[in-house]
$ cat query.cif   # mmCIF, N, CA and C atoms
data_input
loop_
_atom_site.label_atom_id
_atom_site.label_comp_id
_atom_site.auth_asym_id
_atom_site.auth_seq_id
_atom_site.Cartn_x
_atom_site.Cartn_y
_atom_site.Cartn_z
N MET A 1 6.37 -34.77 -11.13
CA MET A 1 7.36 -33.70 -11.30
C MET A 1 8.51 -33.94 -10.33
N ALA A 2 9.68 -33.73 -10.79
CA ALA A 2 10.86 -33.92 -9.96
C ALA A 2 10.86 -32.93 -8.80
N LEU A 3 11.55 -33.29 -7.74
CA LEU A 3 11.64 -32.43 -6.57
C LEU A 3 12.23 -31.07 -6.90
N ASN A 4 13.17 -31.05 -7.81
CA ASN A 4 13.79 -29.81 -8.25
C ASN A 4 12.91 -29.20 -9.35
N LEU A 5 12.35 -28.03 -9.08
CA LEU A 5 11.45 -27.41 -10.04
C LEU A 5 12.19 -27.02 -11.31
N GLU A 6 11.52 -27.20 -12.43
CA GLU A 6 12.09 -26.75 -13.69
C GLU A 6 12.22 -25.23 -13.66
N LYS A 7 13.15 -24.73 -14.45
CA LYS A 7 13.42 -23.30 -14.48
C LYS A 7 12.17 -22.48 -14.80
N SER A 8 11.36 -22.92 -15.76
CA SER A 8 10.17 -22.16 -16.15
C SER A 8 9.14 -22.09 -15.02
N TYR A 9 9.00 -23.15 -14.23
CA TYR A 9 8.07 -23.12 -13.10
C TYR A 9 8.55 -22.19 -12.01
N LYS A 10 9.86 -22.22 -11.77
CA LYS A 10 10.43 -21.30 -10.78
C LYS A 10 10.21 -19.85 -11.22
N ALA A 11 10.47 -19.59 -12.48
CA ALA A 11 10.30 -18.23 -13.01
C ALA A 11 8.83 -17.80 -12.93
N LEU A 12 7.93 -18.70 -13.27
CA LEU A 12 6.50 -18.38 -13.21
C LEU A 12 6.06 -18.13 -11.78
N TRP A 13 6.52 -18.96 -10.85
CA TRP A 13 6.17 -18.77 -9.44
C TRP A 13 6.65 -17.41 -8.94
N ARG A 14 7.89 -17.07 -9.26
CA ARG A 14 8.44 -15.78 -8.84
C ARG A 14 7.67 -14.63 -9.47
N LEU A 15 7.32 -14.76 -10.74
CA LEU A 15 6.54 -13.74 -11.43
C LEU A 15 5.17 -13.58 -10.78
N PHE A 16 4.54 -14.70 -10.45
CA PHE A 16 3.22 -14.69 -9.79
C PHE A 16 3.31 -13.96 -8.45
N MET A 17 4.29 -14.31 -7.63
CA MET A 17 4.43 -13.70 -6.31
C MET A 17 4.80 -12.22 -6.41
N THR A 18 5.69 -11.87 -7.31
CA THR A 18 6.09 -10.49 -7.49
C THR A 18 4.92 -9.65 -7.99
N THR A 19 4.17 -10.18 -8.95
CA THR A 19 3.00 -9.47 -9.47
C THR A 19 1.97 -9.25 -8.38
N HIS A 20 1.73 -10.26 -7.57
CA HIS A 20 0.80 -10.12 -6.45
C HIS A 20 1.22 -8.99 -5.54
N SER A 21 2.49 -8.97 -5.18
CA SER A 21 3.00 -7.94 -4.28
C SER A 21 2.87 -6.54 -4.89
N ILE A 22 3.20 -6.42 -6.17
CA ILE A 22 3.10 -5.13 -6.86
C ILE A 22 1.65 -4.66 -6.89
N LEU A 23 0.73 -5.56 -7.21
CA LEU A 23 -0.69 -5.18 -7.30
C LEU A 23 -1.26 -4.79 -5.94
N VAL A 24 -0.92 -5.53 -4.90
CA VAL A 24 -1.39 -5.19 -3.56
C VAL A 24 -0.86 -3.82 -3.16
N ASN A 25 0.41 -3.57 -3.42
CA ASN A 25 0.98 -2.26 -3.09
C ASN A 25 0.30 -1.14 -3.86
N ALA A 26 -0.01 -1.36 -5.13
CA ALA A 26 -0.68 -0.34 -5.94
C ALA A 26 -2.08 -0.05 -5.39
N ILE A 27 -2.80 -1.09 -5.03
CA ILE A 27 -4.14 -0.90 -4.46
C ILE A 27 -4.04 -0.17 -3.13
N GLU A 28 -3.07 -0.55 -2.30
CA GLU A 28 -2.85 0.14 -1.01
C GLU A 28 -2.60 1.63 -1.24
N GLN A 29 -1.78 1.97 -2.24
CA GLN A 29 -1.49 3.37 -2.53
C GLN A 29 -2.76 4.11 -2.98
N ASP A 30 -3.56 3.48 -3.81
CA ASP A 30 -4.79 4.13 -4.27
C ASP A 30 -5.74 4.40 -3.10
N LEU A 31 -5.85 3.43 -2.19
CA LEU A 31 -6.70 3.63 -1.01
C LEU A 31 -6.15 4.76 -0.15
N ALA A 32 -4.86 4.77 0.07
CA ALA A 32 -4.24 5.82 0.90
C ALA A 32 -4.42 7.19 0.25
N GLN A 33 -4.24 7.28 -1.05
CA GLN A 33 -4.40 8.56 -1.75
C GLN A 33 -5.84 9.07 -1.66
N ALA A 34 -6.79 8.16 -1.54
CA ALA A 34 -8.19 8.54 -1.40
C ALA A 34 -8.55 8.82 0.07
N GLY A 35 -7.55 8.72 0.96
CA GLY A 35 -7.79 8.97 2.38
C GLY A 35 -8.56 7.86 3.06
N LEU A 36 -8.41 6.64 2.54
CA LEU A 36 -9.15 5.49 3.06
C LEU A 36 -8.22 4.55 3.82
N PRO A 37 -8.80 3.69 4.65
CA PRO A 37 -8.00 2.71 5.42
C PRO A 37 -7.30 1.69 4.51
N PRO A 38 -6.43 0.88 5.08
CA PRO A 38 -5.67 -0.11 4.31
C PRO A 38 -6.55 -1.23 3.72
N LEU A 39 -5.95 -1.95 2.79
CA LEU A 39 -6.64 -3.02 2.08
C LEU A 39 -7.16 -4.11 3.02
N ALA A 40 -6.43 -4.45 4.06
CA ALA A 40 -6.90 -5.48 5.00
C ALA A 40 -8.22 -5.06 5.64
N TRP A 41 -8.40 -3.77 5.88
CA TRP A 41 -9.66 -3.28 6.44
C TRP A 41 -10.78 -3.50 5.43
N TYR A 42 -10.50 -3.21 4.16
CA TYR A 42 -11.51 -3.45 3.13
C TYR A 42 -11.89 -4.93 3.08
N ASP A 43 -10.89 -5.80 3.16
CA ASP A 43 -11.17 -7.24 3.12
C ASP A 43 -12.11 -7.66 4.25
N VAL A 44 -11.89 -7.13 5.45
CA VAL A 44 -12.77 -7.44 6.58
C VAL A 44 -14.17 -6.88 6.33
N LEU A 45 -14.24 -5.63 5.92
CA LEU A 45 -15.54 -5.00 5.68
C LEU A 45 -16.31 -5.72 4.57
N ALA A 46 -15.62 -6.10 3.51
CA ALA A 46 -16.27 -6.80 2.40
C ALA A 46 -16.77 -8.18 2.84
N ALA A 47 -15.96 -8.90 3.60
CA ALA A 47 -16.36 -10.23 4.08
C ALA A 47 -17.60 -10.12 4.97
N LEU A 48 -17.62 -9.14 5.86
CA LEU A 48 -18.78 -8.96 6.73
C LEU A 48 -20.00 -8.50 5.94
N SER A 49 -19.78 -7.64 4.97
CA SER A 49 -20.88 -7.13 4.15
C SER A 49 -21.56 -8.25 3.37
N GLU A 50 -20.78 -9.23 2.94
CA GLU A 50 -21.29 -10.34 2.14
C GLU A 50 -21.85 -11.48 2.98
N SER A 51 -21.70 -11.42 4.28
CA SER A 51 -22.12 -12.52 5.15
C SER A 51 -23.56 -12.31 5.64
N PRO A 52 -24.23 -13.41 6.00
CA PRO A 52 -25.59 -13.27 6.55
C PRO A 52 -25.58 -12.39 7.80
N GLU A 53 -26.52 -11.50 7.87
CA GLU A 53 -26.67 -10.58 9.00
C GLU A 53 -25.44 -9.69 9.20
N HIS A 54 -24.56 -9.64 8.21
CA HIS A 54 -23.35 -8.81 8.25
C HIS A 54 -22.48 -9.10 9.47
N LYS A 55 -22.38 -10.38 9.81
CA LYS A 55 -21.51 -10.77 10.93
C LYS A 55 -20.94 -12.15 10.66
N LEU A 56 -19.76 -12.40 11.24
CA LEU A 56 -19.10 -13.69 11.15
C LEU A 56 -18.43 -14.00 12.48
N ARG A 57 -18.36 -15.29 12.80
CA ARG A 57 -17.57 -15.70 13.96
C ARG A 57 -16.12 -15.34 13.66
N MET A 58 -15.37 -15.04 14.68
CA MET A 58 -13.99 -14.61 14.49
C MET A 58 -13.17 -15.67 13.74
N HIS A 59 -13.38 -16.95 14.03
CA HIS A 59 -12.62 -17.99 13.34
C HIS A 59 -13.03 -18.09 11.88
N GLU A 60 -14.30 -17.82 11.56
CA GLU A 60 -14.75 -17.81 10.17
C GLU A 60 -14.12 -16.63 9.42
N LEU A 61 -14.10 -15.50 10.06
CA LEU A 61 -13.49 -14.31 9.46
C LEU A 61 -12.00 -14.53 9.24
N ALA A 62 -11.34 -15.16 10.19
CA ALA A 62 -9.91 -15.46 10.05
C ALA A 62 -9.67 -16.35 8.84
N SER A 63 -10.52 -17.34 8.63
CA SER A 63 -10.38 -18.23 7.47
C SER A 63 -10.59 -17.46 6.17
N THR A 64 -11.57 -16.60 6.16
CA THR A 64 -11.85 -15.79 4.97
C THR A 64 -10.69 -14.87 4.65
N MET A 65 -10.10 -14.32 5.69
CA MET A 65 -9.03 -13.33 5.54
C MET A 65 -7.65 -13.98 5.33
N LEU A 66 -7.53 -15.25 5.57
CA LEU A 66 -6.25 -15.94 5.50
C LEU A 66 -5.25 -15.34 6.48
N LEU A 67 -5.76 -14.99 7.65
CA LEU A 67 -4.93 -14.47 8.74
C LEU A 67 -5.03 -15.43 9.92
N ASP A 68 -3.99 -15.43 10.75
CA ASP A 68 -4.13 -16.21 11.97
C ASP A 68 -5.00 -15.41 12.95
N ARG A 69 -5.53 -16.11 13.91
CA ARG A 69 -6.52 -15.54 14.83
C ARG A 69 -5.98 -14.32 15.59
N SER A 70 -4.72 -14.38 16.02
CA SER A 70 -4.19 -13.26 16.81
C SER A 70 -4.05 -11.99 15.96
N ASN A 71 -3.60 -12.13 14.71
CA ASN A 71 -3.49 -10.96 13.84
C ASN A 71 -4.87 -10.39 13.53
N LEU A 72 -5.84 -11.27 13.32
CA LEU A 72 -7.20 -10.81 13.05
C LEU A 72 -7.77 -10.09 14.27
N THR A 73 -7.51 -10.61 15.44
CA THR A 73 -8.02 -9.98 16.67
C THR A 73 -7.50 -8.55 16.78
N ARG A 74 -6.22 -8.36 16.53
CA ARG A 74 -5.65 -7.00 16.59
C ARG A 74 -6.24 -6.09 15.51
N LEU A 75 -6.45 -6.64 14.32
CA LEU A 75 -7.04 -5.87 13.23
C LEU A 75 -8.47 -5.46 13.59
N VAL A 76 -9.26 -6.38 14.09
CA VAL A 76 -10.64 -6.08 14.48
C VAL A 76 -10.65 -5.09 15.65
N ASP A 77 -9.70 -5.19 16.56
CA ASP A 77 -9.59 -4.21 17.66
C ASP A 77 -9.47 -2.80 17.09
N ARG A 78 -8.57 -2.62 16.13
CA ARG A 78 -8.36 -1.29 15.53
C ARG A 78 -9.61 -0.82 14.79
N MET A 79 -10.26 -1.73 14.10
CA MET A 79 -11.46 -1.36 13.35
C MET A 79 -12.63 -1.05 14.28
N GLU A 80 -12.64 -1.71 15.43
CA GLU A 80 -13.68 -1.44 16.43
C GLU A 80 -13.50 -0.04 17.02
N VAL A 81 -12.27 0.33 17.30
CA VAL A 81 -11.97 1.67 17.81
C VAL A 81 -12.42 2.73 16.79
N ALA A 82 -12.27 2.42 15.51
CA ALA A 82 -12.68 3.34 14.44
C ALA A 82 -14.19 3.34 14.21
N GLY A 83 -14.90 2.44 14.89
CA GLY A 83 -16.36 2.40 14.79
C GLY A 83 -16.89 1.68 13.56
N LEU A 84 -16.04 0.91 12.88
CA LEU A 84 -16.45 0.24 11.65
C LEU A 84 -17.01 -1.15 11.88
N VAL A 85 -16.60 -1.78 12.96
CA VAL A 85 -17.11 -3.10 13.35
C VAL A 85 -17.37 -3.09 14.85
N CYS A 86 -18.14 -4.06 15.28
CA CYS A 86 -18.33 -4.26 16.71
C CYS A 86 -18.32 -5.75 16.97
N ARG A 87 -18.08 -6.11 18.20
CA ARG A 87 -18.11 -7.52 18.59
C ARG A 87 -19.46 -7.81 19.23
N LYS A 88 -19.98 -8.98 18.92
CA LYS A 88 -21.22 -9.43 19.52
C LYS A 88 -20.98 -10.82 20.07
N SER A 89 -21.52 -11.07 21.24
CA SER A 89 -21.33 -12.40 21.83
C SER A 89 -22.23 -13.40 21.13
N CYS A 90 -21.79 -14.63 21.17
CA CYS A 90 -22.52 -15.73 20.54
C CYS A 90 -23.42 -16.36 21.60
N VAL A 91 -24.71 -16.37 21.36
CA VAL A 91 -25.67 -16.89 22.32
C VAL A 91 -25.47 -18.38 22.55
N SER A 92 -25.17 -19.13 21.49
CA SER A 92 -25.04 -20.58 21.61
C SER A 92 -23.68 -21.05 22.13
N ASP A 93 -22.70 -20.15 22.16
CA ASP A 93 -21.36 -20.51 22.62
C ASP A 93 -20.74 -19.30 23.31
N ARG A 94 -20.74 -19.32 24.63
CA ARG A 94 -20.27 -18.16 25.39
C ARG A 94 -18.82 -17.79 25.11
N ARG A 95 -18.03 -18.78 24.65
CA ARG A 95 -16.63 -18.50 24.33
C ARG A 95 -16.49 -17.82 22.97
N GLY A 96 -17.50 -17.98 22.13
CA GLY A 96 -17.43 -17.46 20.77
C GLY A 96 -17.87 -16.01 20.68
N ALA A 97 -17.36 -15.34 19.67
CA ALA A 97 -17.74 -13.95 19.43
C ALA A 97 -17.87 -13.73 17.93
N PHE A 98 -18.75 -12.81 17.60
CA PHE A 98 -18.92 -12.40 16.22
C PHE A 98 -18.25 -11.05 16.01
N ALA A 99 -17.74 -10.84 14.82
CA ALA A 99 -17.39 -9.49 14.37
C ALA A 99 -18.56 -9.08 13.49
N ALA A 100 -19.11 -7.90 13.76
CA ALA A 100 -20.28 -7.44 13.02
C ALA A 100 -20.01 -6.07 12.41
N LEU A 101 -20.58 -5.86 11.25
CA LEU A 101 -20.42 -4.60 10.53
C LEU A 101 -21.36 -3.56 11.13
N THR A 102 -20.85 -2.38 11.38
CA THR A 102 -21.68 -1.27 11.86
C THR A 102 -22.17 -0.46 10.65
N GLU A 103 -23.07 0.48 10.91
CA GLU A 103 -23.53 1.36 9.82
C GLU A 103 -22.35 2.14 9.24
N ALA A 104 -21.48 2.63 10.11
CA ALA A 104 -20.29 3.35 9.63
C ALA A 104 -19.40 2.43 8.81
N GLY A 105 -19.34 1.17 9.19
CA GLY A 105 -18.56 0.19 8.44
C GLY A 105 -19.14 -0.05 7.06
N GLN A 106 -20.47 -0.07 6.97
CA GLN A 106 -21.11 -0.24 5.66
C GLN A 106 -20.79 0.94 4.75
N VAL A 107 -20.86 2.13 5.30
CA VAL A 107 -20.55 3.33 4.52
C VAL A 107 -19.10 3.30 4.06
N MET A 108 -18.19 2.95 4.96
CA MET A 108 -16.77 2.89 4.61
C MET A 108 -16.51 1.81 3.57
N GLN A 109 -17.14 0.66 3.71
CA GLN A 109 -16.96 -0.42 2.73
C GLN A 109 -17.38 0.04 1.34
N GLN A 110 -18.46 0.78 1.24
CA GLN A 110 -18.92 1.28 -0.06
C GLN A 110 -17.94 2.30 -0.64
N LYS A 111 -17.41 3.17 0.20
CA LYS A 111 -16.40 4.14 -0.27
C LYS A 111 -15.16 3.41 -0.77
N MET A 112 -14.72 2.43 0.00
CA MET A 112 -13.51 1.70 -0.36
C MET A 112 -13.74 0.82 -1.59
N GLN A 113 -14.94 0.30 -1.72
CA GLN A 113 -15.23 -0.61 -2.83
C GLN A 113 -15.04 0.06 -4.18
N SER A 114 -15.45 1.30 -4.33
CA SER A 114 -15.30 1.96 -5.62
C SER A 114 -13.82 2.13 -5.98
N VAL A 115 -13.00 2.50 -5.00
CA VAL A 115 -11.55 2.64 -5.25
C VAL A 115 -10.94 1.27 -5.53
N TYR A 116 -11.32 0.28 -4.76
CA TYR A 116 -10.81 -1.08 -4.91
C TYR A 116 -11.14 -1.65 -6.29
N GLU A 117 -12.42 -1.54 -6.68
CA GLU A 117 -12.84 -2.09 -7.97
C GLU A 117 -12.14 -1.40 -9.13
N GLN A 118 -12.00 -0.09 -9.05
CA GLN A 118 -11.30 0.63 -10.11
C GLN A 118 -9.84 0.19 -10.18
N ALA A 119 -9.22 -0.01 -9.05
CA ALA A 119 -7.83 -0.47 -9.03
C ALA A 119 -7.70 -1.86 -9.63
N VAL A 120 -8.62 -2.75 -9.33
CA VAL A 120 -8.57 -4.11 -9.88
C VAL A 120 -8.67 -4.05 -11.40
N VAL A 121 -9.55 -3.21 -11.91
CA VAL A 121 -9.67 -3.06 -13.36
C VAL A 121 -8.39 -2.47 -13.94
N THR A 122 -7.92 -1.39 -13.35
CA THR A 122 -6.74 -0.68 -13.88
C THR A 122 -5.49 -1.54 -13.86
N TYR A 123 -5.23 -2.21 -12.76
CA TYR A 123 -3.97 -2.93 -12.59
C TYR A 123 -4.01 -4.38 -13.01
N PHE A 124 -5.21 -4.96 -13.17
CA PHE A 124 -5.31 -6.39 -13.41
C PHE A 124 -6.23 -6.74 -14.58
N ALA A 125 -7.51 -6.48 -14.42
CA ALA A 125 -8.51 -6.99 -15.36
C ALA A 125 -8.32 -6.50 -16.79
N ARG A 126 -7.93 -5.27 -16.98
CA ARG A 126 -7.81 -4.74 -18.35
C ARG A 126 -6.70 -5.39 -19.15
N HIS A 127 -5.82 -6.14 -18.49
CA HIS A 127 -4.72 -6.80 -19.16
C HIS A 127 -5.06 -8.22 -19.63
N LEU A 128 -6.27 -8.67 -19.33
CA LEU A 128 -6.66 -10.05 -19.65
C LEU A 128 -7.87 -10.08 -20.57
N ASN A 129 -7.84 -10.98 -21.55
CA ASN A 129 -9.04 -11.18 -22.36
C ASN A 129 -9.86 -12.31 -21.74
N ASP A 130 -11.04 -12.55 -22.28
CA ASP A 130 -11.95 -13.56 -21.70
C ASP A 130 -11.33 -14.95 -21.64
N ALA A 131 -10.64 -15.35 -22.68
CA ALA A 131 -10.02 -16.68 -22.70
C ALA A 131 -8.95 -16.80 -21.61
N GLU A 132 -8.18 -15.74 -21.42
CA GLU A 132 -7.14 -15.75 -20.39
C GLU A 132 -7.76 -15.79 -19.00
N VAL A 133 -8.85 -15.06 -18.81
CA VAL A 133 -9.55 -15.08 -17.51
C VAL A 133 -10.04 -16.48 -17.21
N GLN A 134 -10.66 -17.12 -18.20
CA GLN A 134 -11.17 -18.48 -17.99
C GLN A 134 -10.05 -19.46 -17.70
N ALA A 135 -8.96 -19.39 -18.46
CA ALA A 135 -7.85 -20.32 -18.27
C ALA A 135 -7.18 -20.10 -16.92
N LEU A 136 -6.96 -18.85 -16.56
CA LEU A 136 -6.32 -18.53 -15.28
C LEU A 136 -7.21 -18.93 -14.11
N THR A 137 -8.49 -18.67 -14.23
CA THR A 137 -9.44 -19.06 -13.18
C THR A 137 -9.43 -20.57 -12.99
N LYS A 138 -9.51 -21.31 -14.08
CA LYS A 138 -9.53 -22.77 -14.01
C LYS A 138 -8.24 -23.30 -13.37
N ALA A 139 -7.10 -22.78 -13.78
CA ALA A 139 -5.82 -23.24 -13.24
C ALA A 139 -5.70 -22.92 -11.75
N LEU A 140 -6.05 -21.69 -11.35
CA LEU A 140 -5.93 -21.31 -9.94
C LEU A 140 -6.91 -22.07 -9.06
N GLU A 141 -8.12 -22.31 -9.56
CA GLU A 141 -9.09 -23.10 -8.78
C GLU A 141 -8.58 -24.53 -8.58
N ARG A 142 -8.01 -25.12 -9.63
CA ARG A 142 -7.48 -26.48 -9.53
C ARG A 142 -6.31 -26.52 -8.53
N ILE A 143 -5.43 -25.56 -8.63
CA ILE A 143 -4.29 -25.49 -7.70
C ILE A 143 -4.77 -25.33 -6.28
N GLN A 144 -5.75 -24.44 -6.08
CA GLN A 144 -6.26 -24.20 -4.74
C GLN A 144 -6.88 -25.44 -4.14
N VAL A 145 -7.69 -26.15 -4.90
CA VAL A 145 -8.35 -27.36 -4.40
C VAL A 145 -7.32 -28.43 -4.07
N GLU A 146 -6.37 -28.64 -4.96
CA GLU A 146 -5.38 -29.70 -4.76
C GLU A 146 -4.39 -29.37 -3.65
N ALA A 147 -4.18 -28.08 -3.38
CA ALA A 147 -3.20 -27.69 -2.36
C ALA A 147 -3.78 -27.70 -0.96
N GLN A 148 -5.10 -27.71 -0.84
CA GLN A 148 -5.71 -27.69 0.50
C GLN A 148 -5.49 -29.03 1.17
N ILE A 149 -5.12 -28.94 2.42
CA ILE A 149 -4.82 -30.16 3.19
C ILE A 149 -6.02 -30.53 4.03
#
$ encode --input "query.cif" --output "structure tokens"
Amino acid sequence: MALNLEKSYKALWRLFMTTHSILVNAIEQDLAQAGLPPLAWYDVLAALSESPEHKLRMHELASTMLLDRSNLTRLVDRMEVAGLVCRKSCVSDRRGAFAALTEAGQVMQQKMQSVYEQAVVTYFARHLNDAEVQALTKALERIQVEAQI
């Protein structure tokens, strides 16, 4: 492909990015209207909920969240103050720390999950048929694998 993107690829990229932004904002609004924390908090709670022993090393959590370490540290600080996560030291590496899900965090993740899942269906999933889901999944997985350095 030439260095200069074709018009249709540029338009598709812009549509993809704009749609992502619109959907994230809509989900954020639904969470706020339900009196729940922001989407980034749900992402942390969900990642910890799905991990062994409900804990992850901070660098693993940062990779999962696609955040840099300093932004994640501040986010976890706020969530720790709210009682949703706690930090645990790593026995095998004194410099390392885990972010761990608390009982309150599990409860909050479940509350947020129902709003999140409904929003994903309402704003995204209901607009796609099975063939479109398969094609989009295949294309995005291929792009993701090839784009990783």
$ residues_around --input "query.cif" --residues "His59 (chain A)" --least-positions-apart "3" --cutoff "8 Å" --atoms "all atoms listed in the file" --output "list in words"
Leu56, Ala62, Ser63, Thr64, Met65, Arg69, Gly96, Ala97, Phe98 and Ala99 of chain A
$ atom_distance --input "query.cif" --atom1 "atom C of Gln118 (chain A)" --atom2 "atom C of Met58 (chain A)"
28.9 Å
$ select_by_dssp --input "query.cif" --residues "chain A" --states "helix (DSSP H, G or I)" --output "VMD selection string"
chain A and resid 7 to 33 39 to 50 52 to 54 58 to 65 69 to 81 103 to 123 125 to 127 130 to 147
$ closest_residue --input "query.cif" --among "A:Leu101, A:Arg74, A:Phe16, A:Glu117" --to "Val44 (chain A)" --atoms "all atoms listed in the file"
A:Leu101
$ closest_residue --input "query.cif" --among "A:Ala147, A:Ala119, A:Trp41, A:Ala125" --to "Val24 (chain A)" --atoms "only C-alpha atoms"
A:Ala119
$ select_by_dssp --input "query.cif" --residues "chain A" --states "strand (DSSP E)" --output "list in words"
Lys55, Leu56, Arg57, Val85, Cys86, Arg87, Lys88, Ser89, Ala97, Phe98, Ala99, Ala100 and Leu101 of chain A
$ residues_around --input "query.cif" --residues "Cys86 (chain A)" --least-positions-apart "5" --cutoff "9 Å" --atoms "only C-alpha atoms" --output "ChimeraX atom specification"
/A:76-77,79-81,98-102
$ write_last_selection --input "query.cif" --atoms "N, CA and C atoms" --output "tab-separated table (two decimals), in the frame of the given file"
chain	number	residue	atom	x	y	z
A	76	VAL	N	-9.26	-6.38	14.09
A	76	VAL	CA	-10.64	-6.08	14.48
A	76	VAL	C	-10.65	-5.09	15.65
A	77	ASP	N	-9.70	-5.19	16.56
A	77	ASP	CA	-9.59	-4.21	17.66
A	77	ASP	C	-9.47	-2.80	17.09
A	79	MET	N	-10.26	-1.73	14.10
A	79	MET	CA	-11.46	-1.36	13.35
A	79	MET	C	-12.63	-1.05	14.28
A	80	GLU	N	-12.64	-1.71	15.43
A	80	GLU	CA	-13.68	-1.44	16.43
A	80	GLU	C	-13.50	-0.04	17.02
A	81	VAL	N	-12.27	0.33	17.30
A	81	VAL	CA	-11.97	1.67	17.81
A	81	VAL	C	-12.42	2.73	16.79
A	98	PHE	N	-18.75	-12.81	17.60
A	98	PHE	CA	-18.92	-12.40	16.22
A	98	PHE	C	-18.25	-11.05	16.01
A	99	ALA	N	-17.74	-10.84	14.82
A	99	ALA	CA	-17.39	-9.49	14.37
A	99	ALA	C	-18.56	-9.08	13.49
A	100	ALA	N	-19.11	-7.90	13.76
A	100	ALA	CA	-20.28	-7.44	13.02
A	100	ALA	C	-20.01	-6.07	12.41
A	101	LEU	N	-20.58	-5.86	11.25
A	101	LEU	CA	-20.42	-4.60	10.53
A	101	LEU	C	-21.36	-3.56	11.13
A	102	THR	N	-20.85	-2.38	11.38
A	102	THR	CA	-21.68	-1.27	11.86
A	102	THR	C	-22.17	-0.46	10.65
$ atom_distance --input "query.cif" --atom1 "atom N of Ala47 (chain A)" --atom2 "CA of Leu12 (chain A)"
29.6 Å
$ atom_distance --input "query.cif" --atom1 "CA of Lys7 (chain A)" --atom2 "atom N of Thr19 (chain A)"
17.0 Å
$ residues_around --input "query.cif" --residues "Glu103 (chain A)" --least-positions-apart "5" --cutoff "12 Å" --atoms "only C-alpha atoms" --output "ChimeraX atom specification"
/A:45,48-49,54,82-86,108-110
$ closest_residue --input "query.cif" --among "A:Asn71, A:Gly35, A:Tyr123, A:Lys88" --to "Ser21 (chain A)" --atoms "only C-alpha atoms"
A:Tyr123
